[in-house]
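A short worksheet on the structure shown next.
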Amino acid sequence: MLHFPTPRSTTLLSDRLWRHRRRWLQITFRSRSTTASAPLRINPLGIELLPDHLQRAVFPYRRHAAAVPEQIALAQRHLQRQGIAYDTPEPLAKVDFQLPALQGATIQEHFERIGLNVAEPYLGYAQQAADFDLPPMPTTWVSDRSGWVRYAVGARPEPVERPREAILVFDVEVMFRCSPYAVLAAAASAEAWYLWVSPHLLEQSDRVEHLIPLGDDQPRLIIGHNVGFDRVRVADDYRLAAPTNVYVDTMSLHTATRGLCNQQRVDWFYYHKLEAAGPRGRTMADRTQMQRLAPLARAGSPNSLKEVAKLHCGIVVDKAPRDLFFGQSYDAIRKNFQELATYCARDVEVTHRVYRKLFPAFRRRCPHPVSFLGMTEMQSAALPVTEAWEEFIARAEACLAAISERIEARLLQLTEEALVHVDQDPADDPWLRHLDWTVAPVRMTQGKKGKDGQYLPSHEPRLHSRQRLPGKPAWYKSLWHGPTGRIRVTSKCRIAPYLLRLKWRGYPLYFSDRYGWTFRVPKEDALEMDDEALEFSTDPADPHYESYPAADRACGAFFRIPHTDGETARCLNPLAKGYVGAFENGLLTSEYEIAREALQLSAQCSYWISCRERVKSQLVIWDRDGDDGDSPRPANAPILGAADRGPDTKTGIILPQVVPMGTVTRRAVEATWMTASNAKPNRIGSELKAMVRAPPGYSLVGADVDSEELWISSLMGDAQFGLHGGTALGWMTLQGTKSAGTDMHSNTARIMGISRNHAKIFNYGRIYGAGVRFATQLLLKFNPATSAAEADRTARKLYEATKGHQFPAPAACTLPPATTEPAVSAAPASMGKPDITQPQEGKRADTAHRPTVYHPAKLWCGGSESYMFNSLEAVALTALPRTPTLGCAITETLTPQVSQSRYMTSRINWVVQSSGVDYLHLLIVAMKYLCTRYAIDARLLLTIHDEIRYLVKEEDRYRAGLALQVANLWTRALFSYRLGMEDLPLSVAFFSSVDVDSVMRKEVDLPCITPSHPTEIPPGESLTVQDLIKLTDGRLGSKEVRESATKATMAPNDEGVAGEDSARLSTDLRDFIHLRAQMATTPSELGNLYAGVAQTASHSKAAGEPGKTPNFRRKLSSIRVLRPSPRTK
């Protein structure tokens, strides 16, 4: 029974009681290092809070009661049980500047108002687009005029420079094999249809590079399916200034409302495969599976327009004409012009019909204006590059070619050396005996003999002309490379490990078609192996039969080479980069030094090999192309003004194809930049991100959110106590340090005996819902020498210490709440109001977002993270899970009605990651509001999960940095407020630093030296909030702007303060017992605790006082509340 505080009006608490309760939360000490007039605010758990002036600025009117002594005492007891010695912390650096005034009575009202303010007029346009009908589609299209032609009802087709209306539904068609530029585009508004035709298609231009002008003469909303693809072909976004066009992606709307997670996608396709087989093609088991998966098949679909239209509108979309765009002939497009123009327009029509269904559904699921605006802002990403971009690609390609040639030359030498065995018996060689030494008979021409029986001159037998490599064994012939006309051996060839004579644990390798690469161990040594030997069939008729293991069964045993994907995954290449560590620690060995070199060089090339095609396909529009009529971009829309362009500067812009809500957790997805690696000295091309460079007169300003999703998760656990740092996880997140070894990652590293960097992966995987199996596989990856059994034991030890034990909840745990405490809502499952714009009757919209009662079948207990996991499951297992901060609901396919008890990892993961998306959206919207209000010239470049970057005019760079700090403070404050805590730890209130740089990179002092980039990039600036305050004098803008912002602040009305329901920490006995229960380490301890509650409750009921148990309350109160003692020098 997960209890959170229930609301009560603030009028019920007198000023004296408020002051009394605040004393428990705020234990102040005078700073010894700054000024005697600035007291530190430290809570009873040793967490330093915001200074008074910042706390009052962010939480001006208290809505929620502070923690009561019993809860403080339980929190202290929990920390002591987890071995955490909290005390008075060293004071953090002083933060002293005036925050911009809130645009409302509370931080929640502030975000609602600025969200609505900044979202207009686009949010209004989006609603209009869902309400209007498109005009009838033209039946004939103008085929002899390039550019835009307007088709209005009752009027003749009219050539126009750009569409006139502010709301458009849009789609483009591209011939990829010829050019990345569009050949056709269609658009529709409420008044007219439009068709754009490329001048090259009509042979009016020799160049294929033509962008589509939509215009920047007015704010414009553009709707499309996967509209990020279409946006790349639009001219108007290729500029440094913030665009006026805003894009709404129906694919993102679908993903956020009815999308599928990875496991569901597999199940969806399996269902439709069975459905297509027909009744006669299904077994009884198939029919059972279909019945189980039917709710999922009805609730969601993949993201293609074809499937989305079928799901939401029942439309069957014919995609057959699209095949003509995959050809290489423009003549085919000209010949079928009318059909293909109609096909393009039909996609626009279908997209609009889908949008009319999806946008209202999206607003119901994500009702806050910040969610809409955050999505559209992320779609506006743009990346400036310089001439260094082309040099980067050329250098990376040259490095790859040089390294590949070096490896291949050495492997070819070993190949030729192996041929000496062609006349010998290779059976005694542990590696070469596995090759096919069959030599086909050499075919010769017949020749012609004279009467004397001798061959006539020029008629001697010759090698037959149609045979390759005569006299060579079959394995050697298989290495022939037709395009180059020679033998070619690379590190990816299956023969390479045999040629390099690789060993695992000192035993030779063998490739099995069934198990992948294995190693053979003699029988006498196999008994010492911890892992199980592999089983091979001895029946030649078995499709898995392999002759060598079957014949060697009596003498040797075979074991898998470990793979990062788990015990059953096959190792297909021991020379892959994942095995570099195995070579370094001696697990993988070879008698040839080239083996080590091949591994290292292969690791150097792996990143560039994996991303080179995506990088080379990026469409770059250069500013120097804007002067002639056939330019790939309009001449009247230069990227840089003449004053900014240097004499030797070449600047271009890349528009990344972002899907702003590409997963069911609403995370953004992009194939190249959001997956880009940080620069590493041994990785070719890993300097990719550093090729995004600020043009002259601009800087890149950004920050990484410190432990974003870890802090959100821990905050949800802390909310049970109403205290920041109330749980062991929360305390380690806020107060733990790497240097002292008291942070979460150091704790995990200590438990598992691994590095702190590896521990981070374990921790985030666990928080996202991964289990013991994931931890076991990860441990085997990081330490291949560990046996599977030992890895499993270590992983279970970690989970017992962190997540705890899951015990069945006693019957007393599921009793209804005390009738003396009013509930927050009739449906506590929602963790808040179902619609932020429609608060429940009698309650204001900013009631704290705490669940009141949760009835778990099982309870996590005894671990440092048990409170957090119980809180996450309290959200994930409700009827309609919503994020605590912005109230965004989970996709329909993951609701309990559809998924039942399945996909739990995805549902837990959704709570964490979707809350992280809320964080990013809040940060973006707050930043946009501040930049608008204080005239900061900044444009969002890119977000990568917890990383955000802006392109800022150089003179505004420090003000933009300070604005980021304010936006982060506001965002953290709203998270705390929605979970019932009107305070914030100073350690997380601000970014640890804001980066001001000339290139995009993880750290400003990262030199970005790689094999393909030997030149160091000069460092940028890493600025703390104190640095930014000094550089800006604590001002975001001019005095006049600051005053106007202050005047715009809304003072609370009478209803807002006096009449508002305020969540307070419940004093119901069950709340305290539930907090105490989550500390239990054994089922008996948990059972005894609830047995005592039930007994005490029955006595109270007999006395006529339901829910009141003075004796047990007195017992709980006897746990002394410990105040942090002043630190002695």
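Residue numbers start at 1 in each chain; chains themselves are named A, B, ... in the order of the structure tokens; ligands are numbered from 1 in the order shown.
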- request: Tell me, as a ChimeraX atom specification, which residues lie within 8 Å of Val925 in chain A, counting only C-alpha atoms; anything in the same chain fewer than 4 positions away does not count.
  value: /A:114-115,118,370,373-374,921,929
field: Contacts of range 386-389 of chain A within 7 Å, only C-alpha atoms, excl. fewer than 5 positions in-chain, as a VMD selection string
entry: chain A and resid 650 to 652 691 693
query: So which bits of range 902-1089 of chain A end up helix (DSSP H, G or I) when you DSSP the backbone, as a PyMOL selection string?
result: chain A and resi 904-933+954-978+986-989+1025-1032+1039-1047+1054-1057+1069-1077+1083-1089
For the interface of range 509-618 of chain A with range 478-492 of chain A (cut-off 9 Å, counting only C-alpha atoms), please tabulate each contacting residue of range 509-618 of chain A alongside its nearest pair of atoms and their separation in Å to one decimal, rows sorted by chain and increasing number, as CSV.
residue,atom,partner,partner_atom,distance
A:Asn573,CA,A:Lys492,CA,6.8
A:Leu575,CA,A:Ser491,CA,6.6
A:Ala576,CA,A:Lys492,CA,8.1
A:Ala598,CA,A:Ser491,CA,7.0
A:Leu599,CA,A:Ser491,CA,8.2
A:Ser602,CA,A:Ser491,CA,7.5
For those residues, write N, CA and C atoms to a file as a PDB file, in the first residue's frame.
ATOM      1  N   ASN A 573      32.775 -13.152 -34.966  1.00  0.00           N
ATOM      2  CA  ASN A 573      34.082 -12.616 -35.369  1.00  0.00           C
ATOM      3  C   ASN A 573      34.891 -12.251 -34.130  1.00  0.00           C
ATOM      4  N   LEU A 575      37.678 -11.121 -34.031  1.00  0.00           N
ATOM      5  CA  LEU A 575      38.519  -9.963 -34.335  1.00  0.00           C
ATOM      6  C   LEU A 575      37.719  -8.658 -34.315  1.00  0.00           C
ATOM      7  N   ALA A 576      36.467  -8.719 -33.843  1.00  0.00           N
ATOM      8  CA  ALA A 576      35.656  -7.508 -33.727  1.00  0.00           C
ATOM      9  C   ALA A 576      36.157  -6.674 -32.554  1.00  0.00           C
ATOM     10  N   ALA A 598      45.783  -6.371 -35.887  1.00  0.00           N
ATOM     11  CA  ALA A 598      44.539  -6.434 -36.651  1.00  0.00           C
ATOM     12  C   ALA A 598      43.343  -6.075 -35.781  1.00  0.00           C
ATOM     13  N   LEU A 599      43.363  -6.566 -34.537  1.00  0.00           N
ATOM     14  CA  LEU A 599      42.272  -6.228 -33.615  1.00  0.00           C
ATOM     15  C   LEU A 599      42.237  -4.733 -33.328  1.00  0.00           C
ATOM     16  N   SER A 602      41.248  -2.861 -36.417  1.00  0.00           N
ATOM     17  CA  SER A 602      39.834  -3.106 -36.676  1.00  0.00           C
ATOM     18  C   SER A 602      38.965  -2.248 -35.757  1.00  0.00           C
TER      19      SER A 602
END
Could you please write out, as a short mmCIF file (atom, residue, chain, number, x, y, z; two decimals) with C-alpha atoms, in the first residue's frame, every residue of range 408-502 of chain A that DSSP assigns to strand (DSSP E)?
data_model
loop_
_atom_site.label_atom_id
_atom_site.label_comp_id
_atom_site.auth_asym_id
_atom_site.auth_seq_id
_atom_site.Cartn_x
_atom_site.Cartn_y
_atom_site.Cartn_z
CA TRP A 480 38.89 -14.57 -54.94
CA HIS A 481 37.53 -11.02 -55.20
CA ARG A 486 42.74 -10.85 -57.01
CA ILE A 487 42.80 -12.75 -53.72
#
- request: Quick one: everything within 10 Å of Leu99 in chain A, counting only C-alpha atoms, minus sequence neighbours fewer than 3 positions away in the same chain. Send it as number ranges by chain.
  value: A: 53-54, 57-58, 96, 102, 963, 966, 969-970, 1034-1036, 1042
Okay, now the selection with C-alpha atoms, as a tab-separated table (two decimals), in the first residue's frame?
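Written output follows (again-v2.tsv):
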chain	number	residue	atom	x	y	z
A	53	HIS	CA	16.03	34.48	-1.60
A	54	LEU	CA	16.05	31.84	-4.37
A	57	ALA	CA	11.53	33.38	-5.77
A	58	VAL	CA	10.73	29.88	-7.01
A	96	ASP	CA	23.51	35.39	-5.34
A	102	LEU	CA	7.38	33.87	-12.07
A	963	ALA	CA	19.36	31.78	-19.08
A	966	VAL	CA	17.60	29.78	-14.76
A	969	LEU	CA	16.39	25.80	-11.84
A	970	TRP	CA	12.78	26.31	-12.89
A	1034	GLY	CA	23.53	38.73	-12.75
A	1035	ARG	CA	21.38	40.26	-15.50
A	1036	LEU	CA	19.62	38.47	-18.31
A	1042	ARG	CA	13.57	43.15	-16.35
- request: Tell me which of A:Leu1086, A:Val348, A:Ala960, A:Ala719 sits closest to Lys858 in chain A, counting only C-alpha atoms.
  value: A:Leu1086
task: Grab the CA of Thr518 in chain A to CA of Arg560 in chain A distance for me, in Å with one decimal place.
output: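 If I compute the distance from CA of Thr518 in chain A to CA of Arg560 in chain A, I get 4.5 Å.
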message: Residues near Ala166 in chain A, anyone? I mean within 7 Å using only C-alpha atoms, not counting same-chain ones fewer than 3 positions away, as a ChimeraX atom specification.
response: /A:219-221
Just the selected residues (C-alpha atoms), exported as a CSV table (one decimal), in the first residue's frame, please.
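Final file, selection-v2.csv:
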chain,number,residue,atom,x,y,z
A,219,PRO,CA,4.5,32.1,-38.9
A,220,ARG,CA,3.6,28.9,-40.6
A,221,LEU,CA,2.6,25.4,-39.3
message: Which residues are close to range 224-240 of chain A, i.e. within 6 Å by only C-alpha atoms, leaving aside same-chain residues fewer than 2 positions away? Reply as a PyMOL selection string.
response: chain A and resi 169-170+172+211-213+243+249-251+633+639+655+657-658
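Closest approach to Gln80 in chain A among A:Trp731, A:Phe132, A:Tyr125, A:Phe59 is made by A:Trp731 (distances from only C-alpha atoms).
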message: I'd like the contact shell of Glu460 in chain A - 8 Å cut-off, only C-alpha atoms, skipping same-chain residues fewer than 4 positions apart - returned as a PyMOL selection string.
response: chain A and resi 447-448+455-456
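Here CA of Pro321 in chain A stands at a distance of 6.9 Å from CA of Tyr343 in chain A.
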query: Skipping near chain neighbours, those fewer than 2 positions away, what residues fall within 9 Å of range 331-342 of chain A using only C-alpha atoms, listed as number ranges by chain?
result: A: 137-143, 183-186, 195, 201-202, 321-322, 324-325, 327-329, 344-347
Based on the selection just made, write N, CA and C atoms of those residues as a CSV table (one decimal), in the first residue's frame.
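Wrote it out as again-v7.csv, contents follow:
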chain,number,residue,atom,x,y,z
A,137,MET,N,-9.5,17.5,-54.2
A,137,MET,CA,-8.2,17.4,-54.9
A,137,MET,C,-8.4,17.6,-56.4
A,138,PRO,N,-7.5,18.3,-57.0
A,138,PRO,CA,-7.6,18.5,-58.5
A,138,PRO,C,-7.5,17.1,-59.2
A,139,THR,N,-8.1,17.0,-60.3
A,139,THR,CA,-8.1,15.8,-61.1
A,139,THR,C,-7.0,15.8,-62.2
A,140,THR,N,-6.5,17.1,-62.5
A,140,THR,CA,-5.4,17.2,-63.5
A,140,THR,C,-4.4,18.2,-63.0
A,141,TRP,N,-3.2,18.0,-63.2
A,141,TRP,CA,-2.1,18.8,-62.7
A,141,TRP,C,-1.3,19.5,-63.8
A,142,VAL,N,-0.9,20.7,-63.7
A,142,VAL,CA,-0.1,21.4,-64.7
A,142,VAL,C,1.2,20.7,-64.8
A,143,SER,N,1.6,20.3,-66.0
A,143,SER,CA,2.8,19.4,-66.1
A,143,SER,C,3.9,20.1,-66.9
A,183,VAL,N,11.8,15.9,-56.3
A,183,VAL,CA,11.3,16.1,-57.7
A,183,VAL,C,9.9,16.6,-57.7
A,184,LEU,N,9.1,16.2,-56.7
A,184,LEU,CA,7.7,16.6,-56.6
A,184,LEU,C,7.4,16.9,-55.1
A,185,ALA,N,6.5,17.9,-54.9
A,185,ALA,CA,6.0,18.1,-53.6
A,185,ALA,C,4.6,18.6,-53.7
A,186,ALA,N,3.8,18.2,-52.7
A,186,ALA,CA,2.4,18.6,-52.7
A,186,ALA,C,2.1,19.2,-51.3
A,195,LEU,N,1.0,22.2,-55.9
A,195,LEU,CA,2.0,21.2,-56.4
A,195,LEU,C,3.3,21.9,-56.8
A,201,LEU,N,13.2,18.2,-63.4
A,201,LEU,CA,12.3,17.2,-63.9
A,201,LEU,C,11.7,17.7,-65.3
A,202,LEU,N,11.4,19.0,-65.4
A,202,LEU,CA,10.8,19.5,-66.6
A,202,LEU,C,11.9,19.9,-67.6
A,321,PRO,N,2.6,3.0,-56.8
A,321,PRO,CA,3.2,4.0,-57.7
A,321,PRO,C,4.6,4.5,-57.1
A,322,ARG,N,4.8,4.3,-55.9
A,322,ARG,CA,6.1,4.8,-55.3
A,322,ARG,C,7.3,4.1,-55.9
A,324,LEU,N,8.2,3.7,-58.8
A,324,LEU,CA,8.8,4.5,-59.9
A,324,LEU,C,9.8,5.5,-59.4
A,325,PHE,N,9.7,5.9,-58.2
A,325,PHE,CA,10.6,6.9,-57.6
A,325,PHE,C,11.9,6.2,-57.2
A,327,GLY,N,13.5,4.2,-59.2
A,327,GLY,CA,14.2,4.0,-60.5
A,327,GLY,C,15.3,5.1,-60.7
A,328,GLN,N,15.9,5.0,-61.8
A,328,GLN,CA,17.0,6.0,-62.2
A,328,GLN,C,16.7,6.8,-63.4
A,329,SER,N,15.4,6.7,-63.8
A,329,SER,CA,15.0,7.4,-65.1
A,329,SER,C,14.0,8.5,-64.8
A,344,CYS,N,1.3,11.7,-54.8
A,344,CYS,CA,1.9,12.6,-53.8
A,344,CYS,C,0.8,13.3,-53.1
A,345,ALA,N,-0.1,13.8,-53.8
A,345,ALA,CA,-1.2,14.6,-53.2
A,345,ALA,C,-2.1,13.7,-52.3
A,346,ARG,N,-2.2,12.4,-52.8
A,346,ARG,CA,-3.0,11.5,-52.0
A,346,ARG,C,-2.4,11.2,-50.6
A,347,ASP,N,-1.1,11.2,-50.6
A,347,ASP,CA,-0.4,11.1,-49.3
A,347,ASP,C,-0.7,12.3,-48.4
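If you look at CA of Gly215 in chain A and CA of Arg162 in chain A, they are 6.0 Å away from each other.
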